Amino acid sequence: MTPTDDPGEAAAARSADRALRAAARHSAGRTAAVFGCSLAAAGAALAEPAVLGHCLDLLLRRDPDATRWALWCAALTAAEVLLDAATTRLTGSVDARSAARLRRGALAALLRTAPHHAERYPPGETAARLTAHATAAGTVPAAAATAVTALLPPLGGLVALFLVDVWTALAFLAGLPVLVLLLKAFTRDSGASVGRYQQVQLALAGRLTEALAGARTIAAAGTGEREAARILAPLPELGREGRTTWRIYGATMARTGTLLPLLLYVVLGVGGARLAAGALGVGGLLAAVRYAGLAAGAGAVTGRLAAVARGRAAARRTSALLDLPELPYGTREEVPDGPGTLELRGVRVVRAGRPVLAADLRIPGGTTTAVVGRSGAGKTLLAAVAGRLTGCDRGTVLLDGVPLEEFAPAALRREVGHAFARPALFGESVEAALAFGARPAPGPAAVRAAARAAGADAFVRRLPEGYRTALTDAPLSGGELQRLGLARAFCRVGRLLVLDDATSSLDTVTAREVQRALDHDVPAGTRLVVTHRTATAARADLVVWLEDGRIRATGTHADLWRDPAYREVFGAGGAPAAAAADGSAGAGSGADDGADDSADGAAAGGPAAGPGVREAVR
């Protein structure tokens, strides 16, 4: 790897090396076996020229022991072949186990960190770091082991060459410094080039994933050609770095390929002269040439060094995921009795050195609180902090008087449920997706009850195999996906249920049914609802109005509706109606989340609102 004065680069290199050492320890036995087999094969290769040379001398003298030594030659050759085969087989096993270890560790770190840390890298980059780069990094332990033993034949061959004949050894040694310099330059230059290549590769993968996720938008805008050009824009740089890598490799191989035969010719010439002078026998000349070939095999180390360089560069990409900060949890398994009172005490959240959320709030247990505000006000962040999907930089969040960070993960997730605007479903079937994460696992009856409460039962039953339909065979609209996300949350309702804009894609009738189920069928508890709809806010016991990451006001919807700035959050203007306080009752009995915002605004006691904002980027 290229030396660098950048502390960040040095830290990344150290982190990658730690991850590689851990992967090597994970397969320590197999790695040791690779080293042992490779070492034994190198030993057989070193013994073979001496035995072969001695056997040749015996054959030329017609010595009866020649047959026995010929058998020794055959045994050494067979042993070398078998040991090389075993090394190759074990290397594949070590590579696979090491890559799996790195991949599992990186994935676990990705899942343990807070969402904003997990989103540090685009999805395409993350996928590449977990797949191709983890695979390349997994080759390092075995490659390093075989690289060490690969040095034995050249070094041993050089020593043996001195033992056979000093003059031939000195003739070979004259060109060795040039070979060493070539290998050192290759290791330095190839590491830097491979690192740059992989970085560009990550950028290209990220652009491709973004385009695939927004394929419909691209098609609707008719910008396919422009997007293709944007995705492929890094290709010239990728090509340059790839060509640079192969140019370095090719130049090194060409130089070593020219130097090594010249060295062998020199050894053969000097050895021939020594043979003519009677200082060296035929068998000795054969052994000298074979040992010179082994000593010249230092060039074969190039491939292993290249694998180590590529693997270390890849490990730096994968280990970046291992270094993501973990969201800490405690060990508390038991939750004290309580109604689900939620408190945010002095909560402060900072992103990129800038405060983005400041909140002091107490939500009584068993109540419903609506969180409203313009896009970017911090609603989703507040919901994430309240449910400990992310931590806070200062302050603490308590559930029934217990700080959330003291709970064990399983205990916390039993008590806090979430539903999102764009839920992701996991599982082999629809039923498995709805039961996902619930402990203890709900039975079929409970899953169906949750689906009915979320208004999903009817369309699920229409699927080819009902609840057993594979997710890949269940095409879902945005509203259907949200209903399944709500059903999953209803399967594991605890003391706190956080609904982050979870009904934004539902139609009027379905939204009314979901609200009715929340009121009557879903177990009671504290509910924190991020919403853009006036009817939802009007129905809540408390409204928290966020502005620029701070709580501007709290109160009932009817009271807040008197503020023109509050009405503007919902796209409504003008003066409030005289009977605003009565409007909240009207909204509770007659209005619903599915109605348009004009009706919602009137029902809430205010003037008709403009078209509602159904979904916002927060």
# chains A, B, ... in the order shown; residues from 1 in each chain; ligands from 1
call {"tool": "closest_atom_pairs", "arguments": {"of": "stretch 112-222 of chain A", "to": "stretch 35-44 of chain A", "cutoff": "10 Å", "atoms": "only C-alpha atoms", "output": "tab-separated table"}}
result
residue	atom	partner	partner_atom	distance
A:Ala142	CA	A:Phe35	CA	7.9
A:Ala143	CA	A:Phe35	CA	9.7
A:Ala144	CA	A:Phe35	CA	9.2
A:Ala145	CA	A:Phe35	CA	5.4
A:Thr146	CA	A:Phe35	CA	6.2
A:Ala147	CA	A:Phe35	CA	9.3
A:Val148	CA	A:Phe35	CA	8.3
A:Thr149	CA	A:Leu39	CA	5.5
A:Ala150	CA	A:Ala42	CA	7.3
A:Leu151	CA	A:Ala42	CA	9.0
A:Leu152	CA	A:Ala42	CA	6.5
A:Pro153	CA	A:Ala42	CA	5.8
A:Pro154	CA	A:Ala42	CA	9.6
A:Gly156	CA	A:Gly43	CA	8.8
call {"tool": "closest_atom_pairs", "arguments": {"of": "stretch 419-527 of chain A", "to": "stretch 531-555 of chain A", "cutoff": "8 Å", "atoms": "only C-alpha atoms", "output": "JSON lines"}}
result
{"residue": "A:Asp500", "atom": "CA", "partner": "A:Thr531", "partner_atom": "CA", "distance": 7.2}
{"residue": "A:Asp501", "atom": "CA", "partner": "A:Thr531", "partner_atom": "CA", "distance": 5.1}
{"residue": "A:Ser504", "atom": "CA", "partner": "A:Thr531", "partner_atom": "CA", "distance": 7.9}
call {"tool": "closest_residue", "arguments": {"among": "A:Leu497, A:Ala449, A:Arg62, A:Ala487", "to": "A:Ala370", "atoms": "only C-alpha atoms"}}
result
A:Leu497
call {"tool": "select_by_dssp", "arguments": {"residues": "stretch 311-560 of chain A", "states": "strand (DSSP E or B)", "output": "JSON, numbers by chain"}}
result
{"A": [326, 332, 342, 343, 344, 345, 346, 347, 348, 349, 350, 351, 354, 355, 356, 357, 358, 359, 360, 361, 362, 363, 368, 369, 370, 371, 372, 394, 395, 396, 397, 398, 399, 402, 403, 407, 416, 417, 418, 419, 420, 429, 470, 496, 497, 498, 499, 500, 526, 527, 528, 529, 530, 542, 543, 544, 545, 546, 547, 550, 551, 552, 553, 554, 555]}
call {"tool": "write_last_selection", "arguments": {"atoms": "C-alpha atoms", "output": "compact mmCIF listing (two decimals), in the first residue's frame"}}
result
# COMPACT_ATOMS: atom_id res chain seq x y z
CA GLU A 326 -22.82 0.99 17.30
CA ARG A 332 -32.39 -4.66 31.12
CA LEU A 342 -42.72 8.86 27.12
CA GLU A 343 -40.33 11.63 28.16
CA LEU A 344 -37.68 13.46 26.18
CA ARG A 345 -35.43 15.30 28.63
CA GLY A 346 -33.00 17.81 27.19
CA VAL A 347 -32.72 15.85 23.94
CA ARG A 348 -30.26 17.32 21.44
CA VAL A 349 -29.26 15.76 18.12
CA VAL A 350 -26.36 17.04 16.03
CA ARG A 351 -25.58 16.15 12.41
CA ARG A 354 -25.13 21.35 13.23
CA PRO A 355 -27.95 20.94 15.78
CA VAL A 356 -30.99 19.46 14.02
CA LEU A 357 -33.26 18.59 16.93
CA ALA A 358 -33.84 20.05 20.39
CA ALA A 359 -36.75 18.69 22.40
CA ASP A 360 -38.08 18.60 25.94
CA LEU A 361 -41.37 16.76 25.98
CA ARG A 362 -43.59 14.60 28.17
CA ILE A 363 -46.30 12.44 26.61
CA THR A 368 -52.15 9.81 21.12
CA THR A 369 -49.74 12.57 20.13
CA ALA A 370 -49.53 13.98 16.62
CA VAL A 371 -46.23 15.44 15.42
CA VAL A 372 -46.68 18.07 12.72
CA ARG A 394 -27.35 14.97 24.65
CA GLY A 395 -30.24 14.26 26.96
CA THR A 396 -32.19 11.08 27.42
CA VAL A 397 -35.45 9.42 26.38
CA LEU A 398 -37.43 7.53 29.01
CA LEU A 399 -40.29 5.06 28.82
CA VAL A 402 -36.53 4.02 32.39
CA PRO A 403 -33.95 5.39 29.91
CA PHE A 407 -33.11 -1.76 27.73
CA VAL A 416 -41.84 -0.10 21.01
CA GLY A 417 -43.35 -0.72 17.57
CA HIS A 418 -42.87 1.24 14.36
CA ALA A 419 -44.68 1.72 11.07
CA PHE A 420 -43.22 3.80 8.25
CA SER A 429 -44.29 -15.13 2.42
CA ALA A 470 -44.31 -15.38 -1.69
CA LEU A 496 -45.43 2.71 22.49
CA LEU A 497 -46.45 2.67 18.84
CA VAL A 498 -44.66 5.10 16.52
CA LEU A 499 -46.42 5.78 13.20
CA ASP A 500 -44.11 7.79 10.96
CA THR A 526 -49.09 5.43 23.80
CA ARG A 527 -49.08 6.50 20.17
CA LEU A 528 -46.78 8.95 18.47
CA VAL A 529 -48.06 9.81 15.01
CA VAL A 530 -46.11 11.83 12.45
CA LEU A 542 -51.87 16.35 22.01
CA VAL A 543 -50.17 18.00 19.03
CA VAL A 544 -46.43 18.71 18.94
CA TRP A 545 -45.62 21.43 16.41
CA LEU A 546 -42.03 21.27 15.17
CA GLU A 547 -40.22 24.04 13.35
CA ARG A 550 -37.39 22.72 17.76
CA ILE A 551 -40.77 22.43 19.42
CA ARG A 552 -42.55 25.64 18.58
CA ALA A 553 -45.72 24.79 20.49
CA THR A 554 -47.74 21.96 22.01
CA GLY A 555 -51.44 21.75 22.67
call {"tool": "select_by_dssp", "arguments": {"residues": "stretch 360-470 of chain A", "states": "helix (DSSP H, G or I)", "output": "PyMOL selection string"}}
result
chain A and resi 379-386+404-406+409-415+430-435+444-453+457-461+466-468
call {"tool": "closest_residue", "arguments": {"among": "A:Val430, A:Leu382, A:Ala118, A:Leu52", "to": "A:Ala287", "atoms": "only C-alpha atoms"}}
result
A:Leu52
call {"tool": "atom_distance", "arguments": {"atom1": "atom CA of A:Leu486", "atom2": "atom CA of A:His117"}}
result
25.5 Å
call {"tool": "residues_around", "arguments": {"residues": "A:Ala70", "least_positions_apart": "2", "cutoff": "9 Å", "atoms": "only C-alpha atoms", "output": "NGL selection string"}}
result
:A and (51-52 or 55-56 or 65-68 or 72-75)
call {"tool": "residues_around", "arguments": {"residues": "A:Ala233", "least_positions_apart": "5", "cutoff": "10 Å", "atoms": "only C-alpha atoms", "output": "PyMOL selection string"}}
result
chain A and resi 204+207+227-228+238
call {"tool": "write_last_selection", "arguments": {"atoms": "N, CA and C atoms", "output": "PDB file, in the first residue's frame"}}
result
ATOM      1  N   LEU A 204     -19.468   4.078  -9.277  1.00  0.00           N
ATOM      2  CA  LEU A 204     -20.292   3.629 -10.395  1.00  0.00           C
ATOM      3  C   LEU A 204     -21.433   2.749  -9.899  1.00  0.00           C
ATOM      4  N   ARG A 207     -24.199   4.930  -8.385  1.00  0.00           N
ATOM      5  CA  ARG A 207     -25.039   5.596  -9.394  1.00  0.00           C
ATOM      6  C   ARG A 207     -26.014   4.622 -10.036  1.00  0.00           C
ATOM      7  N   GLU A 227     -29.401   9.752 -18.064  1.00  0.00           N
ATOM      8  CA  GLU A 227     -29.039   8.971 -16.877  1.00  0.00           C
ATOM      9  C   GLU A 227     -27.978   7.936 -17.202  1.00  0.00           C
ATOM     10  N   ALA A 228     -28.109   7.307 -18.383  1.00  0.00           N
ATOM     11  CA  ALA A 228     -27.094   6.330 -18.795  1.00  0.00           C
ATOM     12  C   ALA A 228     -25.728   7.004 -18.893  1.00  0.00           C
ATOM     13  N   LEU A 238     -12.378   4.692 -14.609  1.00  0.00           N
ATOM     14  CA  LEU A 238     -12.233   3.280 -14.254  1.00  0.00           C
ATOM     15  C   LEU A 238     -11.305   2.578 -15.238  1.00  0.00           C
TER      16      LEU A 238
END
call {"tool": "closest_residue", "arguments": {"among": "A:Pro141, A:Pro122, A:Gly157, A:Gly105", "to": "A:Leu305", "atoms": "only C-alpha atoms"}}
result
A:Pro141
call {"tool": "atom_distance", "arguments": {"atom1": "atom CA of A:Ser375", "atom2": "atom CA of A:Phe570"}}
result
11.0 Å
call {"tool": "residues_around", "arguments": {"residues": "A:Ala134", "least_positions_apart": "6", "cutoff": "12 Å", "atoms": "only C-alpha atoms", "output": "VMD selection string"}}
result
chain A and resid 16 19 to 20 23 95 to 107 126 to 128 140 198 310 to 322
call {"tool": "write_last_selection", "arguments": {"atoms": "N, CA, C and O atoms", "output": "short mmCIF file (atom, residue, chain, number, x, y, z; two decimals), in the first residue's frame"}}
result
data_model
loop_
_atom_site.label_atom_id
_atom_site.label_comp_id
_atom_site.auth_asym_id
_atom_site.auth_seq_id
_atom_site.Cartn_x
_atom_site.Cartn_y
_atom_site.Cartn_z
N ALA A 16 -8.45 -1.95 8.52
CA ALA A 16 -8.52 -3.06 7.57
C ALA A 16 -7.62 -4.20 8.01
O ALA A 16 -8.01 -5.38 7.94
N ALA A 19 -9.21 -6.12 10.81
CA ALA A 19 -10.27 -7.00 10.31
C ALA A 19 -9.68 -8.24 9.64
O ALA A 19 -10.20 -9.35 9.81
N LEU A 20 -8.60 -8.06 8.91
CA LEU A 20 -7.98 -9.20 8.25
C LEU A 20 -7.35 -10.15 9.25
O LEU A 20 -7.40 -11.38 9.07
N ALA A 23 -10.13 -12.15 10.67
CA ALA A 23 -10.57 -13.18 9.71
C ALA A 23 -9.58 -14.34 9.68
O ALA A 23 -9.98 -15.51 9.57
N ASP A 95 -10.37 -18.84 1.90
CA ASP A 95 -10.89 -17.64 1.22
C ASP A 95 -12.39 -17.47 1.49
O ASP A 95 -12.86 -16.37 1.81
N ALA A 96 -13.13 -18.58 1.36
CA ALA A 96 -14.58 -18.52 1.56
C ALA A 96 -14.93 -18.17 3.00
O ALA A 96 -15.80 -17.33 3.27
N ARG A 97 -14.27 -18.82 3.96
CA ARG A 97 -14.56 -18.56 5.37
C ARG A 97 -14.16 -17.13 5.77
O ARG A 97 -14.89 -16.47 6.52
N SER A 98 -13.04 -16.67 5.27
CA SER A 98 -12.60 -15.32 5.61
C SER A 98 -13.54 -14.27 5.04
O SER A 98 -13.91 -13.30 5.71
N ALA A 99 -13.95 -14.48 3.79
CA ALA A 99 -14.90 -13.53 3.17
C ALA A 99 -16.23 -13.54 3.92
O ALA A 99 -16.83 -12.48 4.15
N ALA A 100 -16.69 -14.73 4.31
CA ALA A 100 -17.95 -14.83 5.05
C ALA A 100 -17.84 -14.13 6.40
O ALA A 100 -18.77 -13.44 6.84
N ARG A 101 -16.69 -14.29 7.05
CA ARG A 101 -16.48 -13.63 8.34
C ARG A 101 -16.52 -12.11 8.19
O ARG A 101 -17.19 -11.42 8.96
N LEU A 102 -15.81 -11.60 7.21
CA LEU A 102 -15.82 -10.16 6.97
C LEU A 102 -17.21 -9.67 6.61
O LEU A 102 -17.66 -8.61 7.09
N ARG A 103 -17.89 -10.43 5.78
CA ARG A 103 -19.23 -10.02 5.32
C ARG A 103 -20.22 -10.02 6.49
O ARG A 103 -21.02 -9.08 6.64
N ARG A 104 -20.19 -11.07 7.31
CA ARG A 104 -21.10 -11.13 8.46
C ARG A 104 -20.82 -10.00 9.44
O ARG A 104 -21.74 -9.37 9.97
N GLY A 105 -19.53 -9.76 9.70
CA GLY A 105 -19.19 -8.68 10.63
C GLY A 105 -19.63 -7.32 10.13
O GLY A 105 -20.18 -6.51 10.88
N ALA A 106 -19.41 -7.06 8.84
CA ALA A 106 -19.80 -5.77 8.26
C ALA A 106 -21.31 -5.62 8.26
O ALA A 106 -21.85 -4.54 8.55
N LEU A 107 -22.02 -6.70 7.92
CA LEU A 107 -23.48 -6.63 7.91
C LEU A 107 -24.03 -6.42 9.31
O LEU A 107 -24.96 -5.62 9.52
N THR A 126 -22.64 0.18 -0.67
CA THR A 126 -22.73 -0.76 0.44
C THR A 126 -22.78 -2.19 -0.06
O THR A 126 -22.11 -3.09 0.49
N ALA A 127 -23.56 -2.43 -1.12
CA ALA A 127 -23.65 -3.79 -1.68
C ALA A 127 -22.29 -4.24 -2.19
O ALA A 127 -21.89 -5.40 -1.98
N ALA A 128 -21.56 -3.36 -2.86
CA ALA A 128 -20.24 -3.72 -3.38
C ALA A 128 -19.27 -4.02 -2.24
O ALA A 128 -18.45 -4.94 -2.32
N VAL A 140 -6.86 -12.56 1.45
CA VAL A 140 -5.60 -12.10 2.03
C VAL A 140 -4.96 -13.12 2.98
O VAL A 140 -3.75 -13.37 2.88
N GLN A 198 -10.88 0.55 -7.15
CA GLN A 198 -12.03 0.12 -6.35
C GLN A 198 -12.88 1.29 -5.92
O GLN A 198 -14.11 1.17 -5.83
N ARG A 310 -4.34 -6.30 -3.55
CA ARG A 310 -5.76 -6.11 -3.92
C ARG A 310 -6.66 -6.37 -2.71
O ARG A 310 -7.63 -5.65 -2.47
N GLY A 311 -6.34 -7.43 -1.97
CA GLY A 311 -7.17 -7.77 -0.82
C GLY A 311 -7.13 -6.71 0.27
O GLY A 311 -8.16 -6.39 0.87
N ARG A 312 -5.95 -6.15 0.53
CA ARG A 312 -5.87 -5.11 1.55
C ARG A 312 -6.62 -3.85 1.12
O ARG A 312 -7.27 -3.19 1.95
N ALA A 313 -6.54 -3.52 -0.16
CA ALA A 313 -7.29 -2.36 -0.65
C ALA A 313 -8.79 -2.61 -0.51
O ALA A 313 -9.55 -1.72 -0.11
N ALA A 314 -9.24 -3.82 -0.84
CA ALA A 314 -10.66 -4.16 -0.71
C ALA A 314 -11.07 -4.19 0.76
O ALA A 314 -12.19 -3.79 1.11
N ALA A 315 -10.19 -4.66 1.63
CA ALA A 315 -10.52 -4.73 3.05
C ALA A 315 -10.77 -3.35 3.63
O ALA A 315 -11.58 -3.19 4.55
N ARG A 316 -10.10 -2.35 3.09
CA ARG A 316 -10.34 -0.99 3.57
C ARG A 316 -11.76 -0.55 3.26
O ARG A 316 -12.38 0.20 4.04
N ARG A 317 -12.31 -0.99 2.14
CA ARG A 317 -13.70 -0.65 1.80
C ARG A 317 -14.67 -1.38 2.73
O ARG A 317 -15.62 -0.79 3.24
N THR A 318 -14.43 -2.67 2.93
CA THR A 318 -15.34 -3.45 3.77
C THR A 318 -15.23 -3.06 5.23
O THR A 318 -16.24 -2.97 5.94
N SER A 319 -14.01 -2.81 5.71
CA SER A 319 -13.83 -2.48 7.13
C SER A 319 -14.43 -1.13 7.47
O SER A 319 -14.66 -0.84 8.65
N ALA A 320 -14.68 -0.28 6.47
CA ALA A 320 -15.36 0.99 6.76
C ALA A 320 -16.73 0.74 7.36
O ALA A 320 -17.21 1.52 8.19
N LEU A 321 -17.38 -0.36 6.95
CA LEU A 321 -18.68 -0.73 7.55
C LEU A 321 -18.48 -1.25 8.97
O LEU A 321 -19.30 -1.01 9.85
N LEU A 322 -17.39 -1.99 9.20
CA LEU A 322 -17.10 -2.50 10.54
C LEU A 322 -16.88 -1.37 11.54
O LEU A 322 -17.11 -1.54 12.74
#
call {"tool": "atom_distance", "arguments": {"atom1": "atom CA of A:Val289", "atom2": "atom CA of A:Val267"}}
result
6.8 Å
call {"tool": "closest_residue", "arguments": {"among": "A:Gly297, A:Gly284, A:Pro409, A:Pro123", "to": "A:Ala45", "atoms": "only C-alpha atoms"}}
result
A:Gly297
call {"tool": "decode", "arguments": {"residues": "stretch 46-57 of chain A", "atoms": "all heavy atoms", "output": "PDB file, in the first residue's frame"}}
result
ATOM      1  N   LEU A  46      12.643 -28.042  -3.000  1.00  0.00           N
ATOM      2  CA  LEU A  46      14.050 -27.781  -2.723  1.00  0.00           C
ATOM      3  C   LEU A  46      14.884 -29.068  -2.714  1.00  0.00           C
ATOM      4  O   LEU A  46      16.048 -29.073  -3.129  1.00  0.00           O
ATOM      5  CB  LEU A  46      14.198 -27.071  -1.366  1.00  0.00           C
ATOM      6  CG  LEU A  46      13.913 -25.566  -1.352  1.00  0.00           C
ATOM      7  CD1 LEU A  46      13.906 -25.036   0.076  1.00  0.00           C
ATOM      8  CD2 LEU A  46      14.935 -24.823  -2.190  1.00  0.00           C
ATOM      9  N   ALA A  47      14.279 -30.134  -2.231  1.00  0.00           N
ATOM     10  CA  ALA A  47      15.028 -31.392  -2.168  1.00  0.00           C
ATOM     11  C   ALA A  47      15.168 -32.047  -3.539  1.00  0.00           C
ATOM     12  O   ALA A  47      16.139 -32.770  -3.799  1.00  0.00           O
ATOM     13  CB  ALA A  47      14.332 -32.352  -1.193  1.00  0.00           C
ATOM     14  N   GLU A  48      14.216 -31.789  -4.411  1.00  0.00           N
ATOM     15  CA  GLU A  48      14.172 -32.505  -5.691  1.00  0.00           C
ATOM     16  C   GLU A  48      15.425 -32.312  -6.560  1.00  0.00           C
ATOM     17  O   GLU A  48      15.970 -33.301  -7.081  1.00  0.00           O
ATOM     18  CB  GLU A  48      12.916 -32.084  -6.461  1.00  0.00           C
ATOM     19  CG  GLU A  48      12.700 -32.862  -7.729  1.00  0.00           C
ATOM     20  CD  GLU A  48      11.462 -32.391  -8.472  1.00  0.00           C
ATOM     21  OE1 GLU A  48      10.683 -31.591  -7.900  1.00  0.00           O
ATOM     22  OE2 GLU A  48      11.284 -32.813  -9.627  1.00  0.00           O
ATOM     23  N   PRO A  49      15.987 -31.101  -6.765  1.00  0.00           N
ATOM     24  CA  PRO A  49      17.174 -30.965  -7.617  1.00  0.00           C
ATOM     25  C   PRO A  49      18.378 -31.747  -7.103  1.00  0.00           C
ATOM     26  O   PRO A  49      19.116 -32.362  -7.892  1.00  0.00           O
ATOM     27  CB  PRO A  49      17.438 -29.455  -7.605  1.00  0.00           C
ATOM     28  CG  PRO A  49      16.124 -28.837  -7.316  1.00  0.00           C
ATOM     29  CD  PRO A  49      15.462 -29.773  -6.359  1.00  0.00           C
ATOM     30  N   ALA A  50      18.596 -31.709  -5.772  1.00  0.00           N
ATOM     31  CA  ALA A  50      19.739 -32.431  -5.215  1.00  0.00           C
ATOM     32  C   ALA A  50      19.585 -33.928  -5.429  1.00  0.00           C
ATOM     33  O   ALA A  50      20.537 -34.621  -5.834  1.00  0.00           O
ATOM     34  CB  ALA A  50      19.882 -32.110  -3.730  1.00  0.00           C
ATOM     35  N   VAL A  51      18.382 -34.433  -5.157  1.00  0.00           N
ATOM     36  CA  VAL A  51      18.143 -35.865  -5.328  1.00  0.00           C
ATOM     37  C   VAL A  51      18.250 -36.250  -6.804  1.00  0.00           C
ATOM     38  O   VAL A  51      18.841 -37.282  -7.165  1.00  0.00           O
ATOM     39  CB  VAL A  51      16.758 -36.248  -4.753  1.00  0.00           C
ATOM     40  CG1 VAL A  51      16.417 -37.694  -5.059  1.00  0.00           C
ATOM     41  CG2 VAL A  51      16.718 -35.999  -3.246  1.00  0.00           C
ATOM     42  N   LEU A  52      17.690 -35.399  -7.667  1.00  0.00           N
ATOM     43  CA  LEU A  52      17.728 -35.679  -9.099  1.00  0.00           C
ATOM     44  C   LEU A  52      19.172 -35.651  -9.618  1.00  0.00           C
ATOM     45  O   LEU A  52      19.594 -36.519 -10.413  1.00  0.00           O
ATOM     46  CB  LEU A  52      16.877 -34.659  -9.845  1.00  0.00           C
ATOM     47  CG  LEU A  52      16.696 -34.867 -11.353  1.00  0.00           C
ATOM     48  CD1 LEU A  52      16.050 -36.216 -11.646  1.00  0.00           C
ATOM     49  CD2 LEU A  52      15.858 -33.747 -11.946  1.00  0.00           C
ATOM     50  N   GLY A  53      19.953 -34.656  -9.174  1.00  0.00           N
ATOM     51  CA  GLY A  53      21.344 -34.580  -9.603  1.00  0.00           C
ATOM     52  C   GLY A  53      22.152 -35.783  -9.131  1.00  0.00           C
ATOM     53  O   GLY A  53      22.957 -36.357  -9.900  1.00  0.00           O
ATOM     54  N   HIS A  54      21.965 -36.187  -7.881  1.00  0.00           N
ATOM     55  CA  HIS A  54      22.675 -37.342  -7.352  1.00  0.00           C
ATOM     56  C   HIS A  54      22.268 -38.613  -8.092  1.00  0.00           C
ATOM     57  O   HIS A  54      23.126 -39.469  -8.409  1.00  0.00           O
ATOM     58  CB  HIS A  54      22.388 -37.478  -5.860  1.00  0.00           C
ATOM     59  CG  HIS A  54      23.153 -38.584  -5.201  1.00  0.00           C
ATOM     60  ND1 HIS A  54      24.541 -38.622  -5.142  1.00  0.00           N
ATOM     61  CD2 HIS A  54      22.723 -39.735  -4.580  1.00  0.00           C
ATOM     62  CE1 HIS A  54      24.927 -39.714  -4.512  1.00  0.00           C
ATOM     63  NE2 HIS A  54      23.838 -40.412  -4.162  1.00  0.00           N
ATOM     64  N   CYS A  55      20.951 -38.726  -8.398  1.00  0.00           N
ATOM     65  CA  CYS A  55      20.461 -39.902  -9.134  1.00  0.00           C
ATOM     66  C   CYS A  55      21.097 -39.958 -10.519  1.00  0.00           C
ATOM     67  O   CYS A  55      21.477 -41.039 -11.002  1.00  0.00           O
ATOM     68  CB  CYS A  55      18.947 -39.851  -9.229  1.00  0.00           C
ATOM     69  SG  CYS A  55      18.194 -41.232 -10.126  1.00  0.00           S
ATOM     70  N   LEU A  56      21.239 -38.795 -11.166  1.00  0.00           N
ATOM     71  CA  LEU A  56      21.854 -38.765 -12.488  1.00  0.00           C
ATOM     72  C   LEU A  56      23.314 -39.214 -12.434  1.00  0.00           C
ATOM     73  O   LEU A  56      23.775 -39.986 -13.290  1.00  0.00           O
ATOM     74  CB  LEU A  56      21.749 -37.355 -13.067  1.00  0.00           C
ATOM     75  CG  LEU A  56      22.364 -37.144 -14.456  1.00  0.00           C
ATOM     76  CD1 LEU A  56      21.714 -38.076 -15.476  1.00  0.00           C
ATOM     77  CD2 LEU A  56      22.239 -35.690 -14.884  1.00  0.00           C
ATOM     78  N   ASP A  57      24.029 -38.749 -11.425  1.00  0.00           N
ATOM     79  CA  ASP A  57      25.425 -39.184 -11.274  1.00  0.00           C
ATOM     80  C   ASP A  57      25.516 -40.694 -11.061  1.00  0.00           C
ATOM     81  O   ASP A  57      26.403 -41.373 -11.626  1.00  0.00           O
ATOM     82  CB  ASP A  57      26.078 -38.452 -10.102  1.00  0.00           C
ATOM     83  CG  ASP A  57      26.406 -36.995 -10.445  1.00  0.00           C
ATOM     84  OD1 ASP A  57      26.550 -36.705 -11.654  1.00  0.00           O
ATOM     85  OD2 ASP A  57      26.504 -36.172  -9.518  1.00  0.00           O
TER      86      ASP A  57
END
